[in-house]
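Comments concern the structure below.
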Amino acid sequence: MSHNRTIRTFLQSLGFVGLLGSSVTSFAQNRNPGEGEIQTGEIDIVRERKINLTTQNRNFEKIPASQSARPDRQPLKYQFTDQKLLIAPPQFNPAVTEMPKSQNDGSLFNSEVKVGAGNYGRFLLEANVNSRNDLPYGLSIKGLHNSTATGPVDGRNSGTSHQLIQVDGRYSGGSMKLTGSLGYDRNQYYFYGYSRAIETPKREDIKQVLNNFNVGIGIENTKKDAVIDYSIKTKLRSLSTFTQANEYDWGTNLKATFPITKNFFAHLAGDAYLTQRNDSLTNSRNLFRIKPTFQYRTDRFSVLAGINVVNETDNLNALAKPTHAYPVVELDLMPVEDIHVFAGYQGDIHRNTLASLTDENPYLAPNVRLLNTEKVHDFYIGTKGLIQGGFSYEAKVSFGRYRNLYLFNNSGSDSTRFSVLYDQPQDNGFSNVINVSGQLNYQHEDIWRSFLKFDVYGYDLKQIDFAYHRPTFTATWSNTVTFSKKLIVGTDFYVITGLKGRNLNSGVVRTLAPIIDLNLRTTYLITDRISAFVSVNNIVGKNFERFQYYKQQGVNFLAGVSYQF
């Protein structure tokens, strides 16, 4: 890809950002996998997320809230954000708006059952059962069935099915909290991106099932003034697929802070991952990370510096450099109340596993090559804060250099399945990625919540012509409005542009049509316990493609009732 073409695309996208930026902002919500049209890890969507930013009592916080902050305003919690590489699985999913809690005893209304149905043979059954929050111990159980009998191509050949059961427990005693989790989820898809000119395949021949099992435990400090603030978590994830591939991934994460003086702290972060993928070959891949840093902070200023050392092993990639060391520098300045200006420089290794890649794209071919992506360095600068009138914001520009930047493209042997491509520059070259991002939040009491987020990307690759299936622009614009604490109305608007795919047999590079998706959702509280909900998705009605040859559902709806207890 030529550098001039990259800059041209980047500047054109910036123009589109300016147009969108003048719109009213909105609030986004969580979505359950398998419920509808585009799901994305890059677009940050959180169910009924409170936009008021609260104080974090842990020493992991970068800058504590100013002691002079006005009592009528929530102090700002600030954390540095890392540039994300993920641009996610292929559906936007209809959400069911979270009901406000009853004015009665909240401990009696923290569990819920939902049931719903819609077109494409959709059926939803979800249960969330939680113990009381005022006890030192607790249990949470979630069950979900969400399926469509048919899809946008050849009826049942493009249906989906998702089942999940998750159990989480906690115990708080003294100065620590113990947590545990156990879960299983099953996702069923079909490789329906075939040519309509050929004979329609049998469903069993294009079936894909992803089975995920996870178990984890954790322990962390809960005492605000503890000598050592710590968090240790370990989790095992097992993935098996209908195509006879499986993977075991065991990760352990440590965070600890050691106060030295009132304003000077030592931080230690560590990770250990043991991974084995079994396909046509057995691939053992391990990664160990240790990141010691020192931080000086006051109410108005913070500087953090240290080193990030990563060791990785891969029995199928003997040429990989085993150990990497990256400097870490982060600066944060609060020139006026609740307004931060920040900058940083860092590097790291981004783990790519079979599980993480199928989370993004479930239509992978067998025996995909697994390589980690090295972020050689990333420099970023931005600002974040609270402003009057119920607004909060963040704006950031980052420039990153990568090795083994991964992309998805249709396989040459079977275009219905996707290979993983890596840009691997020779002679110590880099893949360059520019990212401009921004978000604006608004909340008016408990009546109106809004959220707007956009990202613009520019790519300069060395061995691959285009950043296949990576967008140059993404945006989320959502609103949630509550009328008289009875009726909740929400809208979601999504845009993804700049996607390209290549047919390796014909050599044709195709620019996919822009994804423009508009959703509407409503919830009406019939009683304190019972509500009815309706969501209508992809109102624009376009069968867009997040991945080449995979058309998504047109207009679809989900309607149902929920009961709180």
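Convention: chains lettered A, B, ... in structure tokens order; per-chain residue numbering from 1; ligands numbered from 1 as shown.
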
Spatial neighbours of Gly169 of chain A, 10 Å, only C-alpha atoms, chain gap at least 2 places, as a compact mmCIF listing (two decimals) with N, CA and C atoms, in the first residue's frame:
# COMPACT_ATOMS: atom_id res chain seq x y z
N ASN A 130 -29.52 -13.61 41.29
CA ASN A 130 -28.45 -13.08 42.13
C ASN A 130 -28.86 -13.11 43.59
N SER A 131 -27.91 -13.40 44.46
CA SER A 131 -28.18 -13.34 45.90
C SER A 131 -28.16 -11.89 46.35
N TYR A 137 -21.15 -12.66 51.40
CA TYR A 137 -20.95 -13.69 50.37
C TYR A 137 -22.09 -13.56 49.36
N GLY A 138 -21.88 -14.09 48.16
CA GLY A 138 -22.92 -13.97 47.16
C GLY A 138 -22.73 -14.95 46.03
N LEU A 139 -23.81 -15.19 45.31
CA LEU A 139 -23.81 -16.11 44.18
C LEU A 139 -24.63 -15.50 43.06
N SER A 140 -24.13 -15.63 41.84
CA SER A 140 -24.83 -15.12 40.66
C SER A 140 -24.87 -16.23 39.61
N ILE A 141 -26.05 -16.50 39.08
CA ILE A 141 -26.22 -17.54 38.06
C ILE A 141 -26.91 -16.92 36.84
N VAL A 167 -21.78 -19.25 36.37
CA VAL A 167 -21.96 -19.17 37.82
C VAL A 167 -20.78 -18.41 38.39
N TYR A 171 -16.84 -13.91 48.13
CA TYR A 171 -16.84 -13.88 49.59
C TYR A 171 -15.92 -12.76 50.04
N LEU A 178 -12.62 -12.85 47.89
CA LEU A 178 -12.36 -14.05 47.12
C LEU A 178 -13.47 -14.23 46.10
N THR A 179 -13.11 -14.47 44.84
CA THR A 179 -14.10 -14.65 43.78
C THR A 179 -13.84 -15.96 43.04
N GLY A 180 -14.88 -16.50 42.46
CA GLY A 180 -14.75 -17.71 41.66
C GLY A 180 -15.77 -17.71 40.54
N SER A 181 -15.46 -18.40 39.45
CA SER A 181 -16.39 -18.45 38.33
C SER A 181 -16.29 -19.81 37.63
N LEU A 182 -17.41 -20.22 37.05
CA LEU A 182 -17.48 -21.47 36.31
C LEU A 182 -18.52 -21.26 35.21
N ILE A 217 -10.55 -18.36 39.52
CA ILE A 217 -10.62 -17.88 40.91
C ILE A 217 -9.78 -16.62 41.01

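Between atom CA of Ile530 of chain A and atom CA of Gln564 of chain A there is a distance of 6.5 Å.
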
For this session: Please identify all polymer residues within 8 Å of Val368 of chain A, counting only C-alpha atoms, omitting same-chain residues fewer than 4 positions from it, and present them as an MDAnalysis selection string.
Result: chainID A and resid 364 419:420

Any chance you could tabulate, as a Markdown table, the residues of segment 379-423 of chain A at most 7 Å from segment 430-437 of chain A with each one's nearest atom pair and distance in Å to one decimal, using only C-alpha atoms, in chain and rising number order?
| residue | atom | partner | partner_atom | distance |
| --- | --- | --- | --- | --- |
| A:Ala395 | CA | A:Ser437 | CA | 5.8 |
| A:Lys396 | CA | A:Ser437 | CA | 5.3 |
| A:Val397 | CA | A:Val436 | CA | 4.6 |
| A:Ser398 | CA | A:Asn435 | CA | 5.3 |
| A:Phe399 | CA | A:Ile434 | CA | 4.7 |
| A:Gly400 | CA | A:Val433 | CA | 5.2 |
| A:Arg401 | CA | A:Asn432 | CA | 4.7 |
| A:Tyr402 | CA | A:Ser431 | CA | 5.0 |
| A:Arg403 | CA | A:Phe430 | CA | 5.8 |
| A:Leu405 | CA | A:Ser431 | CA | 6.9 |
| A:Asp423 | CA | A:Ser431 | CA | 7.0 |

Go ahead and dump the residues you just picked, C-alpha atoms, as a compact mmCIF listing (two decimals), in the first residue's frame.
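Once everything was written out, this is out-v3.txt:
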# COMPACT_ATOMS: atom_id res chain seq x y z
CA ALA A 395 -9.98 12.66 22.68
CA LYS A 396 -6.81 10.82 21.71
CA VAL A 397 -4.30 10.47 18.89
CA SER A 398 -1.91 7.50 18.76
CA PHE A 399 0.78 6.32 16.39
CA GLY A 400 1.81 2.68 16.65
CA ARG A 401 4.38 0.49 14.93
CA TYR A 402 3.72 -3.24 14.75
CA ARG A 403 5.21 -6.52 13.63
CA LEU A 405 -0.15 -7.13 12.45
CA ASP A 423 2.09 -8.24 7.73

Seminar exercise, completed: re atom CA of Val534 of chain A and atom CA of Leu144 of chain A: distance 18.1 Å

Exercise. Can you tell me, as number ranges by chain, what residues are no more than 9 Å from Tyr248 of chain A when counting only C-alpha atoms, ignoring any on the same chain fewer than 5 positions away?
Worked result: A: 236-240, 274-278, 355

Write the residues of the selection above to a file with C-alpha atoms, as a JSON list (two decimals), in the first residue's frame.
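See part_18.json below for the written result:
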[["chain", "number", "residue", "atom", "x", "y", "z"],
["A", 236, "LEU", "CA", -8.53, -21.62, 32.43],
["A", 237, "ARG", "CA", -10.38, -21.47, 29.11],
["A", 238, "SER", "CA", -10.95, -24.51, 26.94],
["A", 239, "LEU", "CA", -12.16, -24.19, 23.33],
["A", 240, "SER", "CA", -13.31, -27.04, 21.09],
["A", 274, "LEU", "CA", 0.23, -21.36, 29.01],
["A", 275, "THR", "CA", -1.51, -22.19, 25.73],
["A", 276, "GLN", "CA", -1.78, -25.32, 23.59],
["A", 277, "ARG", "CA", -3.66, -25.52, 20.29],
["A", 278, "ASN", "CA", -4.36, -28.95, 18.75],
["A", 355, "ALA", "CA", -10.00, -18.48, 20.98]]

For this session: Taking the chain letters and numbering used in this document, name the residues of segment 202-369 of chain A that DSSP puts in alpha helix (DSSP H), as a PyMOL selection string.
Result: chain A and resi 354-360

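Going from atom CA of Ile232 of chain A to atom CA of Gly173 of chain A covers 16.2 Å.
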
Problem set entry | Non-local contacts of segment 279-296 of chain A (8 Å; only C-alpha atoms; under 4 positions in same chain excluded) as a PyMOL selection string | chain A and resi 244-246+263-275+302-316+328+366-367

Problem set entry | Closest of A:Arg156, A:Arg417, A:His350, A:His324 to Asn404 of chain A - atom-to-atom distances counting only C-alpha atoms |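 Comparing A:Arg156, A:Arg417, A:His350, A:His324 against Asn404 of chain A, the winner is A:His350.
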
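Closest to Tyr549 of chain A among A:Asp446, A:Asp492, A:Asp455, A:Asp414 is A:Asp414, based on only C-alpha atoms.
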
Problem set entry | Close residues, Gly118 of chain A itself excluded, 10 Å, only C-alpha atoms, min 4 positions apart in chain, as an NGL selection string | :A and (122-124 or 148 or 534-536 or 556-560)

Requested write-out: N, CA and C atoms of the selected residues, as an mmCIF file, in the first residue's frame:
data_model
loop_
_atom_site.group_PDB
_atom_site.id
_atom_site.type_symbol
_atom_site.label_atom_id
_atom_site.label_comp_id
_atom_site.auth_asym_id
_atom_site.auth_seq_id
_atom_site.Cartn_x
_atom_site.Cartn_y
_atom_site.Cartn_z
ATOM 1 N N ARG A 122 -36.602 -16.218 15.648
ATOM 2 C CA ARG A 122 -35.799 -15.897 16.830
ATOM 3 C C ARG A 122 -36.528 -16.284 18.113
ATOM 4 N N PHE A 123 -35.760 -16.841 19.062
ATOM 5 C CA PHE A 123 -36.289 -17.151 20.386
ATOM 6 C C PHE A 123 -35.247 -16.803 21.425
ATOM 7 N N LEU A 124 -35.671 -16.078 22.455
ATOM 8 C CA LEU A 124 -34.781 -15.646 23.530
ATOM 9 C C LEU A 124 -35.341 -16.084 24.868
ATOM 10 N N THR A 148 -31.683 -18.079 16.196
ATOM 11 C CA THR A 148 -32.510 -17.786 15.029
ATOM 12 C C THR A 148 -32.580 -19.053 14.195
ATOM 13 N N VAL A 534 -39.592 -4.271 23.232
ATOM 14 C CA VAL A 534 -39.552 -4.467 21.788
ATOM 15 C C VAL A 534 -38.286 -3.810 21.266
ATOM 16 N N SER A 535 -37.548 -4.518 20.413
ATOM 17 C CA SER A 535 -36.408 -3.905 19.727
ATOM 18 C C SER A 535 -36.515 -4.207 18.240
ATOM 19 N N VAL A 536 -36.272 -3.184 17.430
ATOM 20 C CA VAL A 536 -36.268 -3.311 15.980
ATOM 21 C C VAL A 536 -34.879 -2.918 15.502
ATOM 22 N N ASN A 556 -34.976 -6.745 11.478
ATOM 23 C CA ASN A 556 -35.361 -7.831 12.381
ATOM 24 C C ASN A 556 -35.836 -7.249 13.697
ATOM 25 N N PHE A 557 -36.687 -7.987 14.389
ATOM 26 C CA PHE A 557 -37.261 -7.484 15.632
ATOM 27 C C PHE A 557 -37.276 -8.573 16.687
ATOM 28 N N LEU A 558 -37.369 -8.130 17.922
ATOM 29 C CA LEU A 558 -37.477 -9.015 19.079
ATOM 30 C C LEU A 558 -38.462 -8.378 20.041
ATOM 31 N N ALA A 559 -39.451 -9.147 20.506
ATOM 32 C CA ALA A 559 -40.444 -8.651 21.452
ATOM 33 C C ALA A 559 -40.629 -9.678 22.559
ATOM 34 N N GLY A 560 -40.888 -9.190 23.778
ATOM 35 C CA GLY A 560 -41.060 -10.129 24.869
ATOM 36 C C GLY A 560 -41.401 -9.436 26.175
#

Select from segment 178-259 of chain A every residue with an atom at most 12 Å from any atom of segment 542-548 of chain A, then for each give the shortest pair of atoms and their distance in Å to one decimal, using only C-alpha atoms, rows by chain and rising number, as CSV.
residue,atom,partner,partner_atom,distance
A:Phe191,CA,A:Phe547,CA,11.7
A:Tyr192,CA,A:Gln548,CA,11.2
A:Gly193,CA,A:Gln548,CA,7.8
A:Tyr194,CA,A:Gln548,CA,10.4
A:Ser195,CA,A:Gln548,CA,11.6

Problem set entry | Contact residues around Lys375 of chain A with only C-alpha atoms at 6 Å, ignoring same-chain residues under 2 positions, as a list in words |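 With the cut-off at 6 Å, the set is Gly347, Asp348, Ile349, His377 and Tyr402 of chain A.
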
Dump of N, CA and C atoms for the selected residues, as a PDB file, in the first residue's frame:
ATOM      1  N   GLY A 347       5.356  -0.207  24.662  1.00  0.00           N
ATOM      2  CA  GLY A 347       5.340  -1.327  23.731  1.00  0.00           C
ATOM      3  C   GLY A 347       4.857  -2.565  24.450  1.00  0.00           C
ATOM      4  N   ASP A 348       4.468  -3.594  23.675  1.00  0.00           N
ATOM      5  CA  ASP A 348       3.916  -4.782  24.305  1.00  0.00           C
ATOM      6  C   ASP A 348       3.771  -5.880  23.255  1.00  0.00           C
ATOM      7  N   ILE A 349       3.351  -7.060  23.715  1.00  0.00           N
ATOM      8  CA  ILE A 349       3.007  -8.179  22.844  1.00  0.00           C
ATOM      9  C   ILE A 349       1.510  -8.432  22.980  1.00  0.00           C
ATOM     10  N   HIS A 377       6.265  -0.056  19.376  1.00  0.00           N
ATOM     11  CA  HIS A 377       6.039   1.094  20.243  1.00  0.00           C
ATOM     12  C   HIS A 377       4.765   1.814  19.840  1.00  0.00           C
ATOM     13  N   TYR A 402       4.007  -1.852  14.429  1.00  0.00           N
ATOM     14  CA  TYR A 402       3.724  -3.242  14.754  1.00  0.00           C
ATOM     15  C   TYR A 402       4.530  -4.192  13.873  1.00  0.00           C
TER      16      TYR A 402
END

Seminar exercise, completed: Judged by only C-alpha atoms, the minimum distance to Trp477 of chain A among A:Gln463, A:Thr222, A:Thr234, A:Ser450 is found for A:Ser450

Exercise. Which residue gives the smallest distance to Arg351 of chain A among A:Lys384, A:Tyr406, A:Arg470, A:Tyr363, with only C-alpha atoms counted?
Worked result: A:Tyr406
